[in-house]
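**Student:** Below you'll find the structure I mean.
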Amino acid sequence: MADEAEDLSGAAGEADPKPEVPSSPAARIRGAEEVGWSTPILSLAKKASETLSANYGSALKSAAVGFAAKASGDNSSISKNVNEHVKNERVNLMNMMKLSIKVLIQSALSLGRTLDADYPPLQQFFVVMEQCLKHGLKAKKTFLGPNKSFWGPLELVEKLCPEAVEIATSVRDLPGLKTPVGRGRAWLNLALMQKKIADYLKALIDRKDLLSEFYDPNALMMHDEGAVIVGLLVGLTVIDANLCLKGEDLDSQVGVIDFSLYLKDGAQNSADSKQDAEITKILDQKHYVEELNRHLSGTVSDLQTKLDSLEKTNAKLMEELAATNDRIHSLQDEQDQLKQENSSILETSERRVEVNRQDSEVELETYRQTRQGLDEMYNEVWKQLKEEKQFRMELEKELELQVGLKQEMEIAMKLLEKDTYEKQDTLVALRQQLEEVKAINLQMFHKAKNSEGTVQQKTEMICSLEQKTNQMIDATKQMEERLQQSEKARQSAEEKNQKIKQEFLSRIENLQQQLSELDKQCSILDSELKAEKEQRQSLQQELQQERDATSQLKAQLQQKSGLEKEMQKLHDEKMQLQKICEEQEQALQEMGLHLSQSKLKMEDIKEVNKALKGNAWLKDDEATSCKQCDKEFSISRRKHHCRNCGDIFCNNCSSNELALPSYPKPVRVCDACHTLLLQRCSSNAS
């Protein structure tokens, strides 16, 4: 059966759905002969029937051998035959699942729309999936007898994956489901619509300890074939399915595998290969467009975060400015109040001083008058004078106290002035900080602008460094020429000195005889020797200067080597930047070509993209009232989805029906979408 399934997988393809499903493989082959199939298809069908009959015969033989082994007591041969039989069943189910998934994906992509519950390849997929889940199930004892149902292991997914809670609750809430088999079928339909059937079954297969309660050790879900099937189910994420579970009788459906869907004529291979190539091209274009959209959305999100951060910083700075302005105004108000209090205190003190002075003047006048006119009342006046002296002393004390108060007020005024100066300094510092913050903002803005000119500056620096290195090379050449000239001059001077020494020796021998005659000449020669010594010292100084210059040139040469290394690094960086720019330009050119090609082909695949993407389907739990009339939903006012926009409306606001590109039959549409679609149709017709 495994070899037959592999042959079928190589020859499987799309076939027209049959209205009647045959009951057995032999009946299907007879029907194919009546229709007039070609010889390769008949041979494949005969092979399938032979392998099935061979498997059934082997199963009967194994059962007969089992009975004989029981009679004889040979348990080892029974277990081997049973294990081989179960292994063949697992392999056959896995191969059938491969064929069903392949046919379903190819037919769905060729149609380019969402699939309904009446689509034959989809029905066959659910039948094969149900057979895979039923393989090796343990029978549970109930009141009505032993029962085998795959709803039990599917309920475990709710505990393993929190995302599956919504599916399980919706399955339990469906009113027409009465048996566990119907609930399991509804769960599979909802998981396929959610595009997470592979994730849920993978989480279930990973927990073999939980599955052992429901399955035998030799079951499909307990072996590696189950993991292979989960990997195959990942490909179903490409398919969009729209399955309506309300009103369907999932409890009493009878699942029969139709092999006619997996048999095709050899003449259709070329057409199918072309269709597969076109489908792969469309899928590649779709993935490329999705990647571009993801990249653009990522860049937009990054820019949005940067804008948000800048807006937050600007808002913080504005708040700080407002706070500092408020503080400045409050300090100015306090300063004005202090000035007013100081002026009021000065006025009161001046008034008191004037009143005291006037009183003292009046008392002096009265004293003079009484002294002139009242000599007789001397004693009384003397007493009055003492009293007046005491009063005057008290007044002087009060004056001294007032003077001290005045000094204290002046000190307080000085302190207040110092405080005002300090506050002014703080205000100046705050203004400087504000100016610095503004300068920082301007620097950030200029840095953002000047970031583009950095490459040009680097290139200019490289050019200037090259010029400097050329100048240094020329200078080193000139210094080497000067060194050569100085060495030549030194050699000539040494030769002259040797010649002069020889001449001096000869002259000394001659002059020993003619000392008396050549005394004058000796003085002349002494002066010449002094001049020559001075010239020699000057030459030595020049040599020392030239040596210093050579050392400086060596240091400059070392600097030159460092500069050359830096220049090499900058040159490498420049080459890397040029390579990156060239690669980016090539990538941009390729992207432009891809975009132009995609724009040219977008008109041809608009309907396919619409079917693949679809509209946002609003969940039932998210809507509590009609979107158009805002009336709350109840038992009498039910929820209805618009098949165009995906929103939820009541029956009155969505009573219209129209034929959409993704649906073969007229479906329910809301009033707004109905008018919009009618306008489009009228504009297209005109």
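Ligands are numbered from 1 in the order shown, residues from 1 within each chain, and chains are lettered A, B, ... in the order they appear in the structure tokens.
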List the spatial neighbours of A:Gly136 as an mmCIF file with C-alpha atoms, in the first residue's frame - criterion: any atom at most 7 Å away, only C-alpha atoms, same-chain residues fewer than 5 positions off excluded.
**Tutor:**
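Resulting contents of selection-v2.cif:
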data_model
loop_
_atom_site.group_PDB
_atom_site.id
_atom_site.type_symbol
_atom_site.label_atom_id
_atom_site.label_comp_id
_atom_site.auth_asym_id
_atom_site.auth_seq_id
_atom_site.Cartn_x
_atom_site.Cartn_y
_atom_site.Cartn_z
ATOM 1 C CA TYR A 215 -4.495 6.204 22.106
ATOM 2 C CA ASP A 216 -2.835 2.796 21.935
ATOM 3 C CA ASN A 218 0.841 1.690 18.079
ATOM 4 C CA ALA A 219 -1.497 4.560 17.118
ATOM 5 C CA LEU A 220 -0.613 7.076 14.407
#
**Student:** Which is closer to A:Val289 than all the others in A:Val181, A:Met591, A:Leu416, A:Leu111, using only C-alpha atoms?
**Tutor:**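 Checking each of A:Val181, A:Met591, A:Leu416, A:Leu111 against A:Val289, counting only C-alpha atoms, the winner is A:Met591.
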**Student:** Just to confirm, what's the straight-line distance from atom CA of A:Ser625 to atom CA of A:Arg638 in Å (one decimal)?
**Tutor:**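 Taking atom CA of A:Ser625 as the start and atom CA of A:Arg638 as the end point, the length is 9.9 Å.
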**Student:** Based on DSSP run over this structure's backbone, return all residues of stretch 488-658 of chain A in strand (DSSP E or B), as number ranges by chain.
**Tutor:** A: 625, 632, 640-641, 648-649, 656-658
**Student:** Using only C-alpha atoms, which protein or nucleic acid residues come within 10 Å of A:Gly231? Drop anything in the same chain fewer than 4 positions from it, and give the result as a PDB file with all heavy atoms, in the first residue's frame.
**Tutor:**
ATOM      1  N   ALA A 198      -2.031  23.222  12.493  1.00  0.00           N
ATOM      2  CA  ALA A 198      -0.716  22.588  12.663  1.00  0.00           C
ATOM      3  C   ALA A 198      -0.139  22.889  14.043  1.00  0.00           C
ATOM      4  O   ALA A 198       0.434  22.018  14.701  1.00  0.00           O
ATOM      5  CB  ALA A 198       0.241  23.068  11.566  1.00  0.00           C
ATOM      6  N   ASP A 199      -0.283  24.137  14.518  1.00  0.00           N
ATOM      7  CA  ASP A 199       0.245  24.504  15.841  1.00  0.00           C
ATOM      8  C   ASP A 199      -0.468  23.733  16.945  1.00  0.00           C
ATOM      9  O   ASP A 199       0.177  23.250  17.898  1.00  0.00           O
ATOM     10  CB  ASP A 199       0.088  26.006  16.052  1.00  0.00           C
ATOM     11  CG  ASP A 199       0.871  26.806  15.031  1.00  0.00           C
ATOM     12  OD1 ASP A 199       1.887  26.266  14.537  1.00  0.00           O
ATOM     13  OD2 ASP A 199       0.480  27.938  14.724  1.00  0.00           O
ATOM     14  N   LEU A 201      -2.091  20.796  16.781  1.00  0.00           N
ATOM     15  CA  LEU A 201      -1.761  19.371  16.779  1.00  0.00           C
ATOM     16  C   LEU A 201      -0.306  19.119  17.174  1.00  0.00           C
ATOM     17  O   LEU A 201       0.008  18.084  17.765  1.00  0.00           O
ATOM     18  CB  LEU A 201      -2.031  18.774  15.400  1.00  0.00           C
ATOM     19  CG  LEU A 201      -3.517  18.693  14.996  1.00  0.00           C
ATOM     20  CD1 LEU A 201      -3.657  18.118  13.612  1.00  0.00           C
ATOM     21  CD2 LEU A 201      -4.318  17.850  15.990  1.00  0.00           C
ATOM     22  N   LYS A 202       0.593  20.060  16.872  1.00  0.00           N
ATOM     23  CA  LYS A 202       1.984  19.907  17.319  1.00  0.00           C
ATOM     24  C   LYS A 202       2.067  19.960  18.843  1.00  0.00           C
ATOM     25  O   LYS A 202       2.780  19.174  19.474  1.00  0.00           O
ATOM     26  CB  LYS A 202       2.854  21.009  16.710  1.00  0.00           C
ATOM     27  CG  LYS A 202       4.330  20.855  17.045  1.00  0.00           C
ATOM     28  CD  LYS A 202       5.160  21.955  16.406  1.00  0.00           C
ATOM     29  CE  LYS A 202       6.637  21.739  16.713  1.00  0.00           C
ATOM     30  NZ  LYS A 202       6.928  21.727  18.133  1.00  0.00           N
ATOM     31  N   GLU A 225       4.922   9.210  12.351  1.00  0.00           N
ATOM     32  CA  GLU A 225       4.028   9.595  11.253  1.00  0.00           C
ATOM     33  C   GLU A 225       3.143  10.769  11.649  1.00  0.00           C
ATOM     34  O   GLU A 225       2.777  11.611  10.809  1.00  0.00           O
ATOM     35  CB  GLU A 225       3.158   8.393  10.831  1.00  0.00           C
ATOM     36  CG  GLU A 225       3.895   7.316  10.050  1.00  0.00           C
ATOM     37  CD  GLU A 225       4.645   6.351  10.951  1.00  0.00           C
ATOM     38  OE1 GLU A 225       4.616   6.582  12.177  1.00  0.00           O
ATOM     39  OE2 GLU A 225       5.259   5.385  10.442  1.00  0.00           O
ATOM     40  N   GLY A 226       2.783  10.843  12.945  1.00  0.00           N
ATOM     41  CA  GLY A 226       1.980  11.989  13.400  1.00  0.00           C
ATOM     42  C   GLY A 226       2.740  13.293  13.250  1.00  0.00           C
ATOM     43  O   GLY A 226       2.178  14.312  12.823  1.00  0.00           O
ATOM     44  N   ALA A 227       4.053  13.310  13.590  1.00  0.00           N
ATOM     45  CA  ALA A 227       4.858  14.531  13.409  1.00  0.00           C
ATOM     46  C   ALA A 227       4.980  14.895  11.937  1.00  0.00           C
ATOM     47  O   ALA A 227       4.967  16.078  11.569  1.00  0.00           O
ATOM     48  CB  ALA A 227       6.241  14.326  14.025  1.00  0.00           C
ATOM     49  N   GLY A 235       1.533  23.653   5.497  1.00  0.00           N
ATOM     50  CA  GLY A 235       1.269  24.230   4.176  1.00  0.00           C
ATOM     51  C   GLY A 235      -0.141  24.736   3.991  1.00  0.00           C
ATOM     52  O   GLY A 235      -0.422  25.486   3.050  1.00  0.00           O
TER      53      GLY A 235
END
